[in-house]
Amino acid sequence: MWERKYEQGRWNGLTLNILSTALDGGKRLQVSEIPYADLPNIKVMGSAANKIDIDVVFVGNHSLNDANALLDNFNKTPRGELEHPWLGELSLVFKTYSQKISTTLGVVTLSLSFIRDANRVSTISTQTVTTTLKEQTDAVESLSTQSFVNDVDGMSISDIRSLQTDFTELVGDLTGIATQLNVPSQVLSSLNQEINSAMVAISSIANAPAQFAEQLSRTIDSVADAVQSEDNTANEAVDHSRMAQAIMLDNINPSTPSAHYNIQTTVAAVKMSKDIVHLEEMPSFNLVDATTQPAITISDINHITVQLDACITDVTTVSTLESLELFDALTSLKENVSAQSNKVEKGSTPKNYIELARFQPALTIGHSTDSDEALITALNPQQHPLFIRGHVAVEVSQ
């Protein structure tokens with residue numbers, strides 16, 4: 001019975017059977033009641049100490065001895081590390097305890113109170129802060145692979161077959177993307193080898209899920225590098241990067257047996273997107289030099305953001321240290337992707353307008369408003385550069 005009611009944690013290496021956890025925090029306030037004033041004068045004096053209360057249970061013939069030994073350990077070394085089953089690793093200082101003994105059931109319950117240690121850093125989050133798109137996608141794939149291995153270990157035969165079908169369709173779409181790319185023959189030959197390796201590895205998902213996930217990541221990287229190496233096209237309709245991104249997102253399957261499939265597919269769409277990769281390299285979006293329409297670029301990036309939100313939602317269905325790390329990695333990746341969309345929106349949104357009653361060339365408008373002729377033309381794409389009138393945008397919100 002008891003193993004169904006508690007979760008195990010550790011304090012400085014000692015096992016704890018945790019029944020419940022309570023968190024307490026807030027701000028320190030200095031409240032002054034001023035005579036004849038309707039409202040008090042309140043000053044915020046900083047953050048209050050973060051308190052953590054946990055209830056620990058001991059069962060068996062030696063329950064009282066075990067509880068007293070734990071209290072003795074707290075008194076000797078009040079500072080320590082609590083490995084909590086869902087809060088992760090916390091640096092705490094022991095404060096007080098309350099002991100309850102039940103002679104009928106042989107149960108000893110300890111109510112322990114701790115204070116978060118401000119002099120030590122918690123290790124609940126990922127150890128390395130990643131900032132670049134490449135690092136973020138690699139971190140998401142690595143952490144998701146760990147969850148994928150655990151998922152496969154608990155899957156039935158039908159679930160594994162369903163997962164193999166999903167990945168077979170994904171690798172088949174990677175093949176279709178590769179065949180349409182205008183790349184050198186040696187690059188295409190290397191791509192085919194990687195894709196064949198991924199296709200063969202699908203049959204080993206049940207026995208070697210980690211090796212399969214690593215091979216699929218390498219295959220996606222190879223296809224994405226080939227997509228990125230192609231020359232830019234002026235026509236969005238024949239842009240292989242947009243096509244590849246759309247194909248990856250079309251493979252999203254809400255009923256897939258493992259969340260790793262949708263995470264891997266979404267990350268693949270990020271890697272295929274030239275817009276995201278190029279925007280990350282630039283401090284701001286230049287409307288004049290843009291090869292695609294800003295509205296299309298924003299729409300494509302927002303589609304990826306929506307799928308990243310869905311992946312984050314899937315991850316938060318469980319609360320483990322691994323899922324928290326994956327949540328942080330996905331959130332960081334989403335913030336980076338959203339930042340690129342914000343660049344485009346800020347760099348393409350008109351800031352100033354002028355009213356023209358008669359047609360004027362963009363060059364004339366640029367001279368009269370001290371603006372860039374090319375920028376005026378880009379901001380007013382529906383009008384001919386030599387014949388512009390009406391409500392004319394002349395400056396962007398940089």
# chains A, B, ... in the order shown; residues from 1 in each chain; ligands from 1

call {"tool": "residues_around", "arguments": {"residues": "A:Lys100", "least_positions_apart": "2", "cutoff": "9 Å", "atoms": "only C-alpha atoms", "output": "PyMOL selection string"}}
result
chain A and resi 98+102+107-111

call {"tool": "residues_around", "arguments": {"residues": "stretch 204-208 of chain A", "least_positions_apart": "2", "cutoff": "10 Å", "atoms": "only C-alpha atoms", "output": "PyMOL selection string"}}
result
chain A and resi 148-149+152-153+155-157+160-161+163-164+167+199-202+210-213

call {"tool": "write_last_selection", "arguments": {"atoms": "all heavy atoms", "output": "compact mmCIF listing (two decimals), in the first residue's frame"}}
result
# COMPACT_ATOMS: atom_id res chain seq x y z
N PHE A 148 12.53 9.29 -25.48
CA PHE A 148 12.14 8.33 -26.51
C PHE A 148 12.55 6.91 -26.09
O PHE A 148 11.77 5.96 -26.26
CB PHE A 148 12.79 8.71 -27.83
CG PHE A 148 12.53 7.75 -28.95
CD1 PHE A 148 11.25 7.52 -29.41
CD2 PHE A 148 13.58 7.07 -29.56
CE1 PHE A 148 11.00 6.64 -30.45
CE2 PHE A 148 13.36 6.20 -30.59
CZ PHE A 148 12.06 5.98 -31.04
N VAL A 149 13.74 6.77 -25.55
CA VAL A 149 14.21 5.46 -25.10
C VAL A 149 13.29 4.92 -24.01
O VAL A 149 12.90 3.73 -24.02
CB VAL A 149 15.66 5.55 -24.60
CG1 VAL A 149 16.10 4.23 -23.96
CG2 VAL A 149 16.60 5.91 -25.75
N VAL A 152 9.92 3.79 -25.58
CA VAL A 152 9.99 2.52 -26.32
C VAL A 152 10.05 1.34 -25.36
O VAL A 152 9.45 0.28 -25.62
CB VAL A 152 11.21 2.53 -27.27
CG1 VAL A 152 11.40 1.14 -27.89
CG2 VAL A 152 11.02 3.57 -28.36
N ASP A 153 10.74 1.50 -24.23
CA ASP A 153 10.84 0.40 -23.27
C ASP A 153 9.48 -0.04 -22.75
O ASP A 153 9.28 -1.21 -22.41
CB ASP A 153 11.74 0.81 -22.10
CG ASP A 153 13.20 0.90 -22.51
OD1 ASP A 153 13.55 0.31 -23.55
OD2 ASP A 153 13.98 1.58 -21.80
N MET A 155 6.51 0.31 -24.49
CA MET A 155 5.54 0.20 -25.57
C MET A 155 5.14 -1.24 -25.84
O MET A 155 5.93 -2.17 -25.65
CB MET A 155 6.11 0.81 -26.87
CG MET A 155 6.05 2.30 -26.93
SD MET A 155 6.60 2.90 -28.55
CE MET A 155 6.58 4.67 -28.26
N SER A 156 3.92 -1.38 -26.33
CA SER A 156 3.47 -2.68 -26.81
C SER A 156 3.95 -2.89 -28.25
O SER A 156 4.46 -1.97 -28.89
CB SER A 156 1.94 -2.75 -26.76
OG SER A 156 1.37 -1.77 -27.63
N ILE A 157 3.75 -4.10 -28.76
CA ILE A 157 4.19 -4.40 -30.12
C ILE A 157 3.43 -3.55 -31.14
O ILE A 157 4.00 -3.05 -32.11
CB ILE A 157 3.99 -5.91 -30.42
CG1 ILE A 157 4.89 -6.75 -29.50
CG2 ILE A 157 4.28 -6.22 -31.88
CD1 ILE A 157 4.70 -8.25 -29.67
N ILE A 160 4.86 -0.03 -31.23
CA ILE A 160 6.15 0.02 -31.92
C ILE A 160 5.94 -0.04 -33.43
O ILE A 160 6.59 0.69 -34.20
CB ILE A 160 7.06 -1.12 -31.44
CG1 ILE A 160 7.47 -0.87 -29.98
CG2 ILE A 160 8.28 -1.25 -32.34
CD1 ILE A 160 8.34 -1.96 -29.40
N ARG A 161 5.02 -0.87 -33.87
CA ARG A 161 4.74 -0.95 -35.31
C ARG A 161 4.16 0.37 -35.82
O ARG A 161 4.50 0.82 -36.92
CB ARG A 161 3.78 -2.10 -35.59
CG ARG A 161 4.42 -3.48 -35.43
CD ARG A 161 3.41 -4.58 -35.69
NE ARG A 161 4.05 -5.91 -35.58
CZ ARG A 161 3.37 -7.05 -35.66
NH1 ARG A 161 2.05 -7.04 -35.85
NH2 ARG A 161 4.01 -8.21 -35.56
N LEU A 163 4.76 3.29 -34.55
CA LEU A 163 5.87 4.24 -34.56
C LEU A 163 6.77 4.00 -35.76
O LEU A 163 7.25 4.97 -36.39
CB LEU A 163 6.66 4.11 -33.26
CG LEU A 163 7.61 5.25 -32.88
CD1 LEU A 163 6.85 6.55 -32.72
CD2 LEU A 163 8.35 4.92 -31.60
N GLN A 164 7.02 2.75 -36.10
CA GLN A 164 7.83 2.44 -37.28
C GLN A 164 7.17 2.96 -38.55
O GLN A 164 7.85 3.45 -39.46
CB GLN A 164 8.06 0.94 -37.36
CG GLN A 164 9.02 0.40 -36.30
CD GLN A 164 9.13 -1.11 -36.33
OE1 GLN A 164 8.20 -1.80 -36.76
NE2 GLN A 164 10.26 -1.63 -35.87
N PHE A 167 7.77 6.79 -38.72
CA PHE A 167 9.14 7.15 -39.11
C PHE A 167 9.44 6.74 -40.56
O PHE A 167 10.25 7.39 -41.23
CB PHE A 167 10.15 6.53 -38.16
CG PHE A 167 10.30 7.29 -36.85
CD1 PHE A 167 9.93 6.71 -35.66
CD2 PHE A 167 10.79 8.58 -36.85
CE1 PHE A 167 10.06 7.40 -34.46
CE2 PHE A 167 10.93 9.27 -35.66
CZ PHE A 167 10.56 8.68 -34.47
N MET A 199 16.56 4.49 -43.01
CA MET A 199 15.48 3.55 -43.34
C MET A 199 15.76 2.17 -42.75
O MET A 199 14.86 1.51 -42.21
CB MET A 199 15.33 3.47 -44.85
CG MET A 199 14.12 2.67 -45.31
SD MET A 199 12.55 3.43 -44.87
CE MET A 199 12.51 4.79 -46.06
N VAL A 200 17.01 1.74 -42.83
CA VAL A 200 17.39 0.43 -42.28
C VAL A 200 17.26 0.43 -40.75
O VAL A 200 16.84 -0.55 -40.13
CB VAL A 200 18.81 0.06 -42.71
CG1 VAL A 200 19.30 -1.19 -41.97
CG2 VAL A 200 18.88 -0.16 -44.21
N ALA A 201 17.61 1.58 -40.12
CA ALA A 201 17.60 1.66 -38.66
C ALA A 201 16.20 1.62 -38.09
O ALA A 201 16.03 1.37 -36.88
CB ALA A 201 18.31 2.94 -38.21
N ILE A 202 15.18 1.87 -38.89
CA ILE A 202 13.80 1.87 -38.39
C ILE A 202 13.44 0.51 -37.80
O ILE A 202 12.74 0.42 -36.79
CB ILE A 202 12.82 2.26 -39.52
CG1 ILE A 202 13.02 3.73 -39.89
CG2 ILE A 202 11.38 2.02 -39.08
CD1 ILE A 202 12.16 4.20 -41.06
N ALA A 210 17.91 4.44 -29.09
CA ALA A 210 18.84 5.57 -29.02
C ALA A 210 19.67 5.67 -30.30
O ALA A 210 19.86 6.76 -30.85
CB ALA A 210 19.75 5.44 -27.81
N GLN A 211 20.17 4.52 -30.79
CA GLN A 211 20.97 4.52 -32.01
C GLN A 211 20.13 4.95 -33.21
O GLN A 211 20.61 5.67 -34.09
CB GLN A 211 21.56 3.12 -32.26
CG GLN A 211 22.67 2.72 -31.30
CD GLN A 211 22.16 2.25 -29.95
OE1 GLN A 211 20.96 2.30 -29.69
NE2 GLN A 211 23.06 1.82 -29.09
N PHE A 212 18.86 4.51 -33.25
CA PHE A 212 17.99 4.95 -34.34
C PHE A 212 17.78 6.46 -34.31
O PHE A 212 17.84 7.12 -35.34
CB PHE A 212 16.65 4.24 -34.26
CG PHE A 212 15.58 4.92 -35.07
CD1 PHE A 212 15.57 4.83 -36.45
CD2 PHE A 212 14.61 5.70 -34.45
CE1 PHE A 212 14.60 5.49 -37.21
CE2 PHE A 212 13.64 6.36 -35.18
CZ PHE A 212 13.64 6.25 -36.57
N ALA A 213 17.50 7.00 -33.11
CA ALA A 213 17.25 8.44 -32.99
C ALA A 213 18.48 9.25 -33.42
O ALA A 213 18.36 10.29 -34.08
CB ALA A 213 16.86 8.79 -31.56

call {"tool": "closest_residue", "arguments": {"among": "A:Ala67, A:Val93, A:Ala378, A:Leu133", "to": "A:Val277", "atoms": "only C-alpha atoms"}}
result
A:Leu133

call {"tool": "select_by_dssp", "arguments": {"residues": "stretch 91-315 of chain A", "states": "alpha helix (DSSP H)", "output": "MDAnalysis selection string"}}
result
chainID A and resid 133:153 157:180 185:201 209:229 240:250 259:272 274:281 294:315

call {"tool": "closest_residue", "arguments": {"among": "A:Asn182, A:Asn253, A:Asn380, A:Gly154", "to": "A:Gln293", "atoms": "only C-alpha atoms"}}
result
A:Asn380

call {"tool": "closest_atom_pairs", "arguments": {"of": "stretch 233-312 of chain A", "to": "stretch 332-356 of chain A", "cutoff": "10 Å", "atoms": "only C-alpha atoms", "output": "JSON lines"}}
result
{"residue": "A:Val267", "atom": "CA", "partner": "A:Leu333", "partner_atom": "CA", "distance": 9.2}
{"residue": "A:Val270", "atom": "CA", "partner": "A:Val337", "partner_atom": "CA", "distance": 8.2}
{"residue": "A:Asp275", "atom": "CA", "partner": "A:Gln340", "partner_atom": "CA", "distance": 8.4}
{"residue": "A:Ile276", "atom": "CA", "partner": "A:Gln340", "partner_atom": "CA", "distance": 6.3}
{"residue": "A:Val277", "atom": "CA", "partner": "A:Gln340", "partner_atom": "CA", "distance": 8.9}
{"residue": "A:His278", "atom": "CA", "partner": "A:Gln340", "partner_atom": "CA", "distance": 9.2}
{"residue": "A:Leu279", "atom": "CA", "partner": "A:Gln340", "partner_atom": "CA", "distance": 5.9}
{"residue": "A:Glu280", "atom": "CA", "partner": "A:Gln340", "partner_atom": "CA", "distance": 6.5}
{"residue": "A:Glu281", "atom": "CA", "partner": "A:Gln340", "partner_atom": "CA", "distance": 9.8}
{"residue": "A:Met282", "atom": "CA", "partner": "A:Lys343", "partner_atom": "CA", "distance": 9.3}
{"residue": "A:Pro283", "atom": "CA", "partner": "A:Lys343", "partner_atom": "CA", "distance": 8.3}
{"residue": "A:Ser284", "atom": "CA", "partner": "A:Lys343", "partner_atom": "CA", "distance": 5.8}
{"residue": "A:Phe285", "atom": "CA", "partner": "A:Gly347", "partner_atom": "CA", "distance": 5.1}
{"residue": "A:Asn286", "atom": "CA", "partner": "A:Gly347", "partner_atom": "CA", "distance": 6.3}
{"residue": "A:Leu287", "atom": "CA", "partner": "A:Ser348", "partner_atom": "CA", "distance": 6.0}
{"residue": "A:Val288", "atom": "CA", "partner": "A:Ser348", "partner_atom": "CA", "distance": 9.4}
{"residue": "A:Ala290", "atom": "CA", "partner": "A:Val344", "partner_atom": "CA", "distance": 9.7}
{"residue": "A:Gln293", "atom": "CA", "partner": "A:Ser348", "partner_atom": "CA", "distance": 9.5}
{"residue": "A:Pro294", "atom": "CA", "partner": "A:Val344", "partner_atom": "CA", "distance": 6.3}
{"residue": "A:Ala295", "atom": "CA", "partner": "A:Glu345", "partner_atom": "CA", "distance": 8.2}
{"residue": "A:Thr297", "atom": "CA", "partner": "A:Val344", "partner_atom": "CA", "distance": 7.6}
{"residue": "A:Ile298", "atom": "CA", "partner": "A:Ser341", "partner_atom": "CA", "distance": 5.5}
{"residue": "A:Ser299", "atom": "CA", "partner": "A:Ser341", "partner_atom": "CA", "distance": 8.7}
{"residue": "A:Asp300", "atom": "CA", "partner": "A:Ser341", "partner_atom": "CA", "distance": 9.1}
{"residue": "A:Ile301", "atom": "CA", "partner": "A:Ser341", "partner_atom": "CA", "distance": 6.2}
{"residue": "A:Asn302", "atom": "CA", "partner": "A:Ser341", "partner_atom": "CA", "distance": 7.3}
{"residue": "A:Ile304", "atom": "CA", "partner": "A:Val337", "partner_atom": "CA", "distance": 8.1}
{"residue": "A:Thr305", "atom": "CA", "partner": "A:Lys334", "partner_atom": "CA", "distance": 6.2}
{"residue": "A:Val306", "atom": "CA", "partner": "A:Lys334", "partner_atom": "CA", "distance": 9.2}
{"residue": "A:Gln307", "atom": "CA", "partner": "A:Lys334", "partner_atom": "CA", "distance": 9.5}
{"residue": "A:Leu308", "atom": "CA", "partner": "A:Lys334", "partner_atom": "CA", "distance": 6.3}
{"residue": "A:Asp309", "atom": "CA", "partner": "A:Lys334", "partner_atom": "CA", "distance": 7.8}
{"residue": "A:Ile312", "atom": "CA", "partner": "A:Lys334", "partner_atom": "CA", "distance": 9.3}

call {"tool": "closest_residue", "arguments": {"among": "A:Val57, A:Leu326, A:Ala268, A:Leu174", "to": "A:Lys134", "atoms": "only C-alpha atoms"}}
result
A:Ala268

call {"tool": "residues_around", "arguments": {"residues": "A:Thr175", "least_positions_apart": "3", "cutoff": "9 Å", "atoms": "only C-alpha atoms", "output": "list in words"}}
result
Leu170, Val171, Gly172, Ala178, Thr179, Gln180, Leu191, Asn192, Ile195 and Val223 of chain A

call {"tool": "select_by_dssp", "arguments": {"residues": "stretch 108-309 of chain A", "states": "strand (DSSP E)", "output": "VMD selection string"}}
result
chain A and resid 108 to 116

call {"tool": "closest_residue", "arguments": {"among": "A:Glu33, A:Asp117, A:Gly46, A:Gly106", "to": "A:Gly60", "atoms": "only C-alpha atoms"}}
result
A:Gly106

call {"tool": "atom_distance", "arguments": {"atom1": "atom CA of A:Ala198", "atom2": "atom CA of A:Gln215"}}
result
5.9 Å
